[in-house]
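Visitor: Structure: input.tsv, TSV, C-alpha atoms.
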chain	number	residue	atom	x	y	z
A	24	MET	CA	-120.67	-58.08	55.41
A	25	MET	CA	-118.53	-54.97	56.01
A	26	ARG	CA	-120.13	-51.57	56.35
A	27	LEU	CA	-118.76	-48.57	54.45
A	28	ASP	CA	-117.62	-46.98	57.71
A	29	GLN	CA	-115.40	-50.04	58.29
A	30	ILE	CA	-113.58	-49.93	54.92
A	31	ALA	CA	-110.43	-47.80	54.82
A	32	VAL	CA	-110.40	-45.05	52.19
A	33	ARG	CA	-107.18	-46.62	50.85
A	34	GLN	CA	-109.38	-49.37	49.36
A	35	ALA	CA	-110.98	-46.90	46.92
A	36	LYS	CA	-109.63	-47.06	43.37
A	37	GLY	CA	-106.84	-44.54	42.80
A	38	VAL	CA	-106.13	-43.80	46.48
A	39	SER	CA	-102.39	-44.16	47.06
A	40	ALA	CA	-100.70	-44.10	50.47
A	41	GLN	CA	-99.85	-40.40	49.94
A	42	LYS	CA	-103.40	-39.50	48.94
A	43	GLU	CA	-104.72	-41.49	51.91
A	44	GLN	CA	-102.62	-39.37	54.28
A	45	GLU	CA	-103.80	-36.16	52.61
A	46	LEU	CA	-107.43	-37.30	52.85
A	47	HIS	CA	-106.91	-37.98	56.57
A	48	ALA	CA	-106.08	-34.27	56.96
A	49	PHE	CA	-109.62	-33.55	55.68
A	50	GLY	CA	-111.13	-36.03	58.13
A	51	VAL	CA	-111.66	-38.70	55.48
A	52	HIS	CA	-110.62	-42.10	56.86
A	53	THR	CA	-113.24	-44.50	55.47
A	54	ILE	CA	-115.32	-44.97	52.34
A	55	ALA	CA	-118.31	-43.63	54.29
A	56	ASP	CA	-116.30	-40.49	55.14
A	57	LEU	CA	-115.44	-40.07	51.46
A	58	LEU	CA	-119.09	-40.31	50.44
A	59	ASP	CA	-119.99	-37.80	53.17
A	60	TYR	CA	-117.29	-35.34	52.05
A	61	PHE	CA	-119.61	-32.72	50.60
A	62	PRO	CA	-118.66	-29.79	48.36
A	63	PHE	CA	-118.73	-26.30	49.87
A	64	ARG	CA	-120.22	-24.85	46.66
A	65	TYR	CA	-120.95	-25.61	43.02
A	66	GLU	CA	-119.61	-24.02	39.83
A	67	ASP	CA	-122.36	-23.27	37.32
A	68	TYR	CA	-121.24	-24.17	33.78
A	69	ARG	CA	-124.72	-23.89	32.27
A	70	ILE	CA	-124.54	-21.81	29.10
A	71	LYS	CA	-126.38	-18.48	29.29
A	72	GLY	CA	-126.62	-15.44	27.10
A	73	LEU	CA	-124.69	-12.26	27.89
A	74	ALA	CA	-128.01	-10.54	28.66
A	75	GLU	CA	-128.54	-13.06	31.50
A	76	THR	CA	-125.02	-12.57	32.88
A	77	LYS	CA	-124.76	-9.63	35.26
A	78	ASP	CA	-121.84	-7.23	35.11
A	79	GLY	CA	-119.03	-8.42	37.39
A	80	GLU	CA	-120.44	-11.95	37.72
A	81	LYS	CA	-119.10	-15.24	36.46
A	82	GLY	CA	-120.97	-16.84	33.59
A	83	THR	CA	-120.67	-19.38	30.79
A	84	VAL	CA	-121.31	-18.31	27.20
A	85	GLN	CA	-120.83	-19.82	23.76
A	86	GLY	CA	-119.39	-17.96	20.80
A	87	LYS	CA	-117.23	-18.02	17.71
A	88	ILE	CA	-113.59	-16.90	17.60
A	89	MET	CA	-113.31	-13.92	15.27
A	90	SER	CA	-109.64	-12.88	15.46
A	91	VAL	CA	-106.17	-14.34	15.63
A	92	PRO	CA	-105.07	-14.42	19.28
A	93	SER	CA	-102.59	-11.91	20.65
A	94	LEU	CA	-100.05	-12.95	23.29
A	95	GLN	CA	-98.32	-10.49	25.61
A	96	ARG	CA	-95.60	-11.67	27.98
A	97	TYR	CA	-94.74	-10.10	31.31
A	98	GLY	CA	-91.42	-11.39	32.58
A	99	ARG	CA	-90.59	-15.06	32.14
A	100	ALA	CA	-93.64	-16.71	33.67
A	101	LYS	CA	-96.60	-14.39	33.13
A	102	SER	CA	-98.65	-13.87	29.99
A	103	ARG	CA	-101.93	-12.40	28.74
A	104	LEU	CA	-103.68	-14.02	25.79
A	105	THR	CA	-106.56	-12.19	24.08
A	106	CYS	CA	-108.82	-12.69	21.10
A	107	LYS	CA	-112.15	-11.41	19.84
A	108	VAL	CA	-115.16	-13.70	20.18
A	109	MET	CA	-118.65	-13.11	18.76
A	110	VAL	CA	-121.17	-13.84	21.54
A	111	ASP	CA	-124.87	-13.08	21.10
A	112	GLY	CA	-124.12	-10.56	18.34
A	113	LEU	CA	-121.51	-8.69	20.40
A	114	LEU	CA	-117.78	-8.68	19.68
A	115	VAL	CA	-116.29	-9.53	23.08
A	116	THR	CA	-112.64	-9.55	24.13
A	117	ALA	CA	-111.75	-12.86	25.79
A	118	VAL	CA	-108.73	-12.66	28.11
A	119	TRP	CA	-106.75	-15.59	29.52
A	120	PHE	CA	-103.91	-15.10	31.98
A	121	ASN	CA	-100.97	-17.53	31.92
A	122	ARG	CA	-102.60	-19.83	29.37
A	123	GLN	CA	-100.30	-19.29	26.40
A	124	PHE	CA	-100.61	-22.99	25.45
A	125	LEU	CA	-104.13	-22.16	24.15
A	126	GLN	CA	-102.80	-19.81	21.47
A	127	ASP	CA	-102.63	-22.44	18.69
A	128	GLN	CA	-106.15	-23.68	19.48
A	129	LEU	CA	-107.77	-20.23	19.17
A	130	THR	CA	-108.38	-20.23	15.43
A	131	PRO	CA	-110.82	-17.82	13.77
A	132	GLY	CA	-114.17	-19.43	12.96
A	133	ARG	CA	-113.91	-22.07	15.72
A	134	GLU	CA	-116.72	-22.39	18.25
A	135	ILE	CA	-115.73	-21.95	21.90
A	136	ILE	CA	-117.38	-22.09	25.30
A	137	LEU	CA	-116.05	-19.56	27.80
A	138	THR	CA	-116.54	-19.33	31.55
A	139	GLY	CA	-115.35	-16.23	33.32
A	140	LYS	CA	-116.03	-12.84	34.82
A	141	TRP	CA	-118.10	-10.57	32.55
A	142	GLU	CA	-117.20	-6.88	32.37
A	143	GLN	CA	-120.07	-5.32	30.45
A	144	ARG	CA	-118.63	-1.81	30.19
A	145	ARG	CA	-115.42	-3.10	28.57
A	146	LEU	CA	-117.15	-5.91	26.63
A	147	GLN	CA	-114.57	-8.24	28.16
A	148	LEU	CA	-114.67	-11.72	29.63
A	149	THR	CA	-111.77	-12.71	31.89
A	150	VAL	CA	-111.73	-16.44	31.21
A	151	SER	CA	-111.20	-19.00	33.96
A	152	ASP	CA	-112.26	-22.04	31.90
A	153	SER	CA	-112.69	-22.64	28.20
A	154	GLU	CA	-113.55	-25.62	26.07
A	155	PHE	CA	-114.18	-26.42	22.44
A	156	PRO	CA	-117.42	-28.15	21.39
A	157	ASP	CA	-115.62	-29.85	18.48
A	158	LYS	CA	-113.46	-31.71	21.03
A	159	GLY	CA	-116.47	-32.86	23.04
A	160	THR	CA	-117.59	-30.94	26.09
A	161	ALA	CA	-116.64	-31.84	29.62
A	162	ARG	CA	-118.14	-29.21	31.93
A	163	SER	CA	-120.47	-27.01	29.90
A	164	GLY	CA	-124.12	-27.43	30.73
A	165	THR	CA	-123.39	-28.82	34.20
A	166	LEU	CA	-123.08	-27.88	37.83
A	167	GLN	CA	-119.69	-29.04	39.16
A	168	PRO	CA	-119.00	-29.58	42.86
A	169	VAL	CA	-116.12	-27.64	44.43
A	170	TYR	CA	-114.40	-29.38	47.35
A	171	SER	CA	-111.79	-28.26	49.84
A	172	VAL	CA	-108.57	-29.70	48.41
A	173	GLY	CA	-104.85	-29.40	48.90
A	174	GLY	CA	-101.52	-31.09	48.28
A	175	SER	CA	-101.80	-33.56	45.43
A	176	ILE	CA	-105.59	-33.77	45.82
A	177	THR	CA	-107.13	-31.80	42.95
A	178	GLN	CA	-110.73	-31.01	42.05
A	179	PRO	CA	-110.81	-33.49	39.13
A	180	TRP	CA	-109.26	-36.24	41.25
A	181	ILE	CA	-111.62	-35.85	44.22
A	182	ARG	CA	-114.68	-35.64	41.89
A	183	LYS	CA	-113.62	-38.83	40.08
A	184	THR	CA	-112.80	-40.68	43.31
A	185	ILE	CA	-116.11	-39.79	44.96
A	186	LYS	CA	-118.01	-40.70	41.78
Would you kindly transcribe this structure into structure tokens?
Guide:
Amino acid sequence: MMRLDQIAVRQAKGVSAQKEQELHAFGVHTIADLLDYFPFRYEDYRIKGLAETKDGEKGTVQGKIMSVPSLQRYGRAKSRLTCKVMVDGLLVTAVWFNRQFLQDQLTPGREIILTGKWEQRRLQLTVSDSEFPDKGTARSGTLQPVYSVGGSITQPWIRKTIK
């Protein structure tokens, strides 16, 4: 019977020759190495109230979209998308940078879960992640591992492969 430290990482489902070489750069050569490749931190996607989220900190909140989104473009590649969201009885401005593809999904009355940096003074949340409960949630309510990645190795890919 082979031990996990004797099985090449290439044998794991979804590990191509290119990904194998990129994993080698992280010191991952075997299945045992892959299982011992620990995250350097965790992202907290557990939903909290605004009162529990400190000014300047990242938090996850749930609310209802209250306004039609506004898109501002800066040059050809940069954009700022904003809309008003009712969270815990406060009308908060949600801001996404370079996420103009979300504009059609931000319809008034729709529930949304937002993760981002809370600016209490401005009643603004700079959104890094958002999801819609009516589509089924993926991250909200969880702690997600964050690994050192690079090249074609992404967070979702490494999480799935290790799982």
Visitor: Rank nothing, just name the residue among A:Thr83, A:Thr116, A:Asn121, A:Gln34 nearest to Gly98 (chain A), using all atoms listed in the file.
Guide: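 So, comparing all the options, the nearest one is A:Asn121.
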Visitor: Within 9 Å of Val51 (chain A), counting all atoms listed in the file, which residues show up once you throw out same-chain ones fewer than 6 positions away? Write them as an mmCIF file with C-alpha atoms, in the coordinates of the input, please.
Guide:
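Done, and the output landed in part.cif:
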data_model
loop_
_atom_site.group_PDB
_atom_site.id
_atom_site.type_symbol
_atom_site.label_atom_id
_atom_site.label_comp_id
_atom_site.auth_asym_id
_atom_site.auth_seq_id
_atom_site.Cartn_x
_atom_site.Cartn_y
_atom_site.Cartn_z
ATOM 1 C CA VAL A 32 -110.400 -45.050 52.190
ATOM 2 C CA GLU A 43 -104.720 -41.490 51.910
ATOM 3 C CA GLU A 45 -103.800 -36.160 52.610
ATOM 4 C CA LEU A 57 -115.440 -40.070 51.460
ATOM 5 C CA ASP A 59 -119.990 -37.800 53.170
ATOM 6 C CA TYR A 60 -117.290 -35.340 52.050
#
Visitor: From the set A:Gly139, A:Pro92, A:Gly37, A:Gly82, which residue has the shortest atom-to-atom contact distance to Gly164 (chain A), counting only C-alpha atoms?
Guide: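 Comparing A:Gly139, A:Pro92, A:Gly37, A:Gly82 against Gly164 (chain A), the winner is A:Gly82.
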Visitor: Skip Gln29 (chain A) itself and residues of its chain fewer than 3 positions away, then list as an MDAnalysis selection string all residues within 10 Å of it, counting all atoms listed in the file.
Guide: chainID A and resid 25:26 32 52:55
Visitor: Residues near Arg133 (chain A), anyone? I mean within 10 Å using only C-alpha atoms, not counting same-chain ones fewer than 4 positions away, as a list of chain:residue names.
Guide: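 Those residues are A:Gly86, A:Lys87, A:Ile88, A:Met89, A:Val108, A:Gln128, A:Leu129, A:Phe155, A:Pro156, A:Asp157.
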Visitor: Quick one: of A:Thr138, A:Gln95, A:Thr105, A:Ser39, who's nearest to Leu73 (chain A), counting all atoms listed in the file?
Guide: A:Thr138
Visitor: Please measure the separation of CA of Leu166 (chain A) and CA of Arg64 (chain A), giving the value in Å to one decimal.
Guide: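 Pair CA of Leu166 (chain A) / CA of Arg64 (chain A) returns 9.8 Å.
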Visitor: Just to confirm, what's the straight-line distance from CA of Leu148 (chain A) to CA of Gln178 (chain A) in Å (one decimal)?
Guide: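 Value for the CA of Leu148 (chain A)-CA of Gln178 (chain A) distance: 23.3 Å.
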Visitor: Do you have the CA of Val118 (chain A)-CA of Lys77 (chain A) distance handy?
Guide: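 If I compute the distance from CA of Val118 (chain A) to CA of Lys77 (chain A), I get 17.8 Å.
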Visitor: Compare A:Gln41, A:Ser90, A:Gln85, A:Thr76 by their minimum atom-to-atom distance to Leu137 (chain A), counting only C-alpha atoms, and give me the closest one.
Guide: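 Ranking A:Gln41, A:Ser90, A:Gln85, A:Thr76 by distance to Leu137 (chain A), first place goes to A:Gln85.
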Visitor: My list of candidates is A:Arg182, A:Trp119, A:Leu113, A:Glu75. Which is closest to Val150 (chain A) when distances are computed with all atoms listed in the file?
Guide: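 Of A:Arg182, A:Trp119, A:Leu113, A:Glu75, the one nearest Val150 (chain A) is A:Trp119, counting all atoms listed in the file.
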